[in-house]
Amino acid sequence: MAHLPSRRRLALAVPVVLSLTASLGFLPTAATAAPPAETVAQSADATKLAYVVNTKTDRRTIRSVEKAVVAAGGSVVTTYEKIGVIVAHSDNPDFGKTMRKVRGVQSAGATRTAPLTAAGTTDQGAAEFLTAAQAAKTAGAAAPDSEPLEADQWDLRAIGADKAAKINPGSKKVTVAVIDTGVDDTHPDLAPNFSKSQSANCVGGVADTSDGAWRPYTADDYHGTHVAGEIAAARNGIGVAGVAPGVKVAGIKVSDPTNGLFYPENVVCAFMFAAEHSVEITNNSYYVDPWLYNCMDDPDQRAIVDAVNRAQLYAQKKGTLHVSSAGNSNHDLASDAIVDASSPNDTTPVERTIDPHECFDVPTQLPGIVTVSATGVQNLKSYYSTYGKGVVDVAAPGGDRLYQIPDTPSKNGRILSTMPNGEYAWLQGTSMASPHAAGVAALLKSKHPWASPAQLQALLKAQADNPGCPESYDQNGDGTQDAVCEGGKRVNGFYGFGIVNALRAVK
């Protein structure tokens, strides 16, 4: 990982590069994206791949481009006319190149390099399941009027969510959709607050709303269920509590059943579904596969940024606030250079040096999205959490199993939440920080029902507590700074505008 001394604010770069719904005429000059996805695709024995083809939004252009898709050896999976995004399949290795020459097409590219294995969620390490003995010990330490496992939920107390619940647990008129690996709505802590009518399976780019389609494929696809519990686990005398235990939670599944990847067309579908089903807030604890950073000088990666950005901006215009995890690479997203050794994650990764002002973590770095870094029980940035002044908006508890150990019954520095099949487990990551911020945003939306996404984001920042940059961030004591925090007490690279505060949100 390379962090250079010079810094630029993402806020200055993003509006120029990402005014994608109108034009993609601006191309950064840095050659950062190798190897292009299409190059890899050509060597894959003409395997059928998925593509996004992004056009003008008038119907005449869309119909013309749909015909061109077929003429180029492709098939139309679905068309999102309101944002001009066509999802297509083709086994023609030149399909992307051909479509980029079609009149009315503004960008087009493959959404994958090959169907192998990987995962784009932003949890860190394996889950640690709660044992019966631990549950009994924790329940024995429960305070009056608290949930049986709440003594182990240091994260709720860290942001005042335990006290906030007594004032206002959130409104049933507010829904947070978990765009993730699916949500097990049969879990006794989730069933009371689950919204089936706002849930779907978006794998393949088309929403399936049949009963249970939103549930995880197996118990190993636990990520979305854990996230959902952090947001809205009910205060019902069972298990744990969520940050906003009175709001609704929905599940929009986007993980591929074969390899667990979060492909762009699935995420486009999820944002559009949320927008059309009156979802107030989405939680996005992942990055869009297969690229950790999507570079604008590569036609395939550029098309991915364009398509996802169109969908999330459309949802914002319909009143949906998006909250996203910053990532677990301890990268400085405000630096001039980052070494990415993990992309593409569906074939063999090739190390490349990228500029995060021209190569974007999607959806984290898209305009208008709340980017969340992770903290531990000491209100210090978690050792793994990505950061960056002008990029991170707020921070929230994500857990830290190495350096920030709480004085709780289980003494576990990670986050305890719901798992499929009625179980509970600890996880850590910015995946866990994002739903804490989404939960606080849901409390703010409950109190201010007419607030727009931009107003909600402003409120989220205004009520946050900023600890300021630490004097030293040498976590392992080896004499070397593990990350450099830039900025002051009001806003800085570790915490943005501060750690979210549920109690202030309801007051």
# chains A, B, ... in the order shown; residues from 1 in each chain; ligands from 1

$ closest_atom_pairs --of "range 228-307 of chain A" --to "range 371-374 of chain A" --cutoff "12 Å" --atoms "only C-alpha atoms" --output "CSV"
residue,atom,partner,partner_atom,distance
A:Asn283,CA,A:Thr371,CA,10.5
A:Asn284,CA,A:Thr371,CA,9.6
A:Ser285,CA,A:Val372,CA,9.6
A:Tyr286,CA,A:Thr371,CA,11.6
A:Tyr287,CA,A:Thr371,CA,11.9

$ residues_around --residues "Ser472 in chain A" --least-positions-apart "4" --cutoff "10 Å" --atoms "only C-alpha atoms" --output "JSON list (two decimals) with C-alpha atoms, in the first residue's frame"
[["chain", "number", "residue", "atom", "x", "y", "z"],
["A", 479, "GLY", "CA", 7.41, 2.31, 16.49],
["A", 480, "THR", "CA", 5.78, 2.79, 13.08],
["A", 481, "GLN", "CA", 2.52, 4.65, 12.48],
["A", 482, "ASP", "CA", -0.02, 2.17, 11.07],
["A", 483, "ALA", "CA", -2.05, 4.96, 9.45],
["A", 484, "VAL", "CA", -1.89, 8.75, 9.32],
["A", 485, "CYS", "CA", -4.94, 10.79, 10.32]]

$ residues_around --residues "Gly109 in chain A" --least-positions-apart "5" --cutoff "8 Å" --atoms "only C-alpha atoms" --output "list in words"
Glu38, Tyr51, Val52, Val53, Gly96, Lys97, Pro299, Asp300, Gln301, Arg302, Ala303 and Ile304 of chain A

$ select_by_dssp --residues "range 138-377 of chain A" --states "strand (DSSP E or B)" --output "PyMOL selection string"
chain A and resi 175-180+194+200-201+208+248-253+255+262+281-284+286+294-295+321-325+332+338-340+352-354+359-360+370-375

$ residues_around --residues "Thr78 in chain A" --least-positions-apart "4" --cutoff "10 Å" --atoms "only C-alpha atoms" --output "list in words"
Glu66, Val85, Ile86, Val87, Ala88, Gly204, Gly205, Val206, Glu265 and Cys269 of chain A

$ write_last_selection --atoms "N, CA, C and O atoms" --output "PDB file, in the first residue's frame"
ATOM      1  N   GLU A  66     -31.172  -1.798 -28.068  1.00  0.00           N
ATOM      2  CA  GLU A  66     -31.580  -3.184 -27.796  1.00  0.00           C
ATOM      3  C   GLU A  66     -31.448  -4.048 -29.055  1.00  0.00           C
ATOM      4  O   GLU A  66     -31.006  -5.199 -28.997  1.00  0.00           O
ATOM      5  N   VAL A  85     -30.000   1.962 -18.624  1.00  0.00           N
ATOM      6  CA  VAL A  85     -29.069   0.850 -18.408  1.00  0.00           C
ATOM      7  C   VAL A  85     -29.690  -0.443 -18.945  1.00  0.00           C
ATOM      8  O   VAL A  85     -30.788  -0.825 -18.525  1.00  0.00           O
ATOM      9  N   ILE A  86     -28.985  -1.087 -19.873  1.00  0.00           N
ATOM     10  CA  ILE A  86     -29.400  -2.372 -20.421  1.00  0.00           C
ATOM     11  C   ILE A  86     -28.450  -3.443 -19.897  1.00  0.00           C
ATOM     12  O   ILE A  86     -27.234  -3.308 -20.015  1.00  0.00           O
ATOM     13  N   VAL A  87     -29.000  -4.497 -19.305  1.00  0.00           N
ATOM     14  CA  VAL A  87     -28.203  -5.644 -18.891  1.00  0.00           C
ATOM     15  C   VAL A  87     -28.301  -6.677 -20.005  1.00  0.00           C
ATOM     16  O   VAL A  87     -29.396  -7.048 -20.434  1.00  0.00           O
ATOM     17  N   ALA A  88     -27.148  -7.121 -20.491  1.00  0.00           N
ATOM     18  CA  ALA A  88     -27.123  -8.051 -21.622  1.00  0.00           C
ATOM     19  C   ALA A  88     -26.171  -9.205 -21.351  1.00  0.00           C
ATOM     20  O   ALA A  88     -25.252  -9.090 -20.538  1.00  0.00           O
ATOM     21  N   GLY A 204     -28.814 -11.609 -11.139  1.00  0.00           N
ATOM     22  CA  GLY A 204     -29.066 -11.670 -12.574  1.00  0.00           C
ATOM     23  C   GLY A 204     -29.549 -10.357 -13.143  1.00  0.00           C
ATOM     24  O   GLY A 204     -29.647 -10.200 -14.350  1.00  0.00           O
ATOM     25  N   GLY A 205     -29.876  -9.411 -12.245  1.00  0.00           N
ATOM     26  CA  GLY A 205     -30.287  -8.090 -12.704  1.00  0.00           C
ATOM     27  C   GLY A 205     -31.780  -7.879 -12.790  1.00  0.00           C
ATOM     28  O   GLY A 205     -32.231  -6.802 -13.169  1.00  0.00           O
ATOM     29  N   VAL A 206     -32.579  -8.903 -12.452  1.00  0.00           N
ATOM     30  CA  VAL A 206     -34.039  -8.798 -12.489  1.00  0.00           C
ATOM     31  C   VAL A 206     -34.591  -9.199 -11.123  1.00  0.00           C
ATOM     32  O   VAL A 206     -34.214 -10.238 -10.574  1.00  0.00           O
ATOM     33  N   GLU A 265     -24.735  -5.754 -12.282  1.00  0.00           N
ATOM     34  CA  GLU A 265     -26.139  -5.771 -12.700  1.00  0.00           C
ATOM     35  C   GLU A 265     -27.074  -6.104 -11.536  1.00  0.00           C
ATOM     36  O   GLU A 265     -28.216  -5.625 -11.468  1.00  0.00           O
ATOM     37  N   CYS A 269     -29.972  -3.479 -10.101  1.00  0.00           N
ATOM     38  CA  CYS A 269     -31.329  -3.948  -9.817  1.00  0.00           C
ATOM     39  C   CYS A 269     -31.745  -3.593  -8.399  1.00  0.00           C
ATOM     40  O   CYS A 269     -32.872  -3.134  -8.163  1.00  0.00           O
TER      41      CYS A 269
END

$ residues_around --residues "Thr353 in chain A" --least-positions-apart "2" --cutoff "8 Å" --atoms "only C-alpha atoms" --output "ChimeraX atom specification"
/A:32,337-340,351,355

$ residues_around --residues "range 221-233 of chain A" --least-positions-apart "3" --cutoff "6 Å" --atoms "only C-alpha atoms" --output "PyMOL selection string"
chain A and resi 180-184+189-190+216+218+241-245+417-419+435+439

$ select_by_dssp --residues "range 103-183 of chain A" --states "alpha helix (DSSP H)" --output "list in words"
Ala132, Ala133, Gln134, Ala135, Ala136, Lys137, Thr138, Ala139, Gly140, Trp154, Asp155, Leu156, Arg157, Ala158, Ala161, Asp162, Lys163, Ala164, Ala165, Lys166 and Ile167 of chain A

$ closest_residue --among "A:Val203, A:Leu261, A:Ala151, A:Ile499" --to "Thr113 in chain A" --atoms "only C-alpha atoms"
A:Leu261

$ residues_around --residues "range 143-146 of chain A" --least-positions-apart "6" --cutoff "9 Å" --atoms "only C-alpha atoms" --output "PyMOL selection string"
chain A and resi 162+235+237+240-241

$ closest_residue --among "A:Val506, A:Ala234, A:Ala454, A:Val350" --to "Gln316 in chain A" --atoms "only C-alpha atoms"
A:Ala454
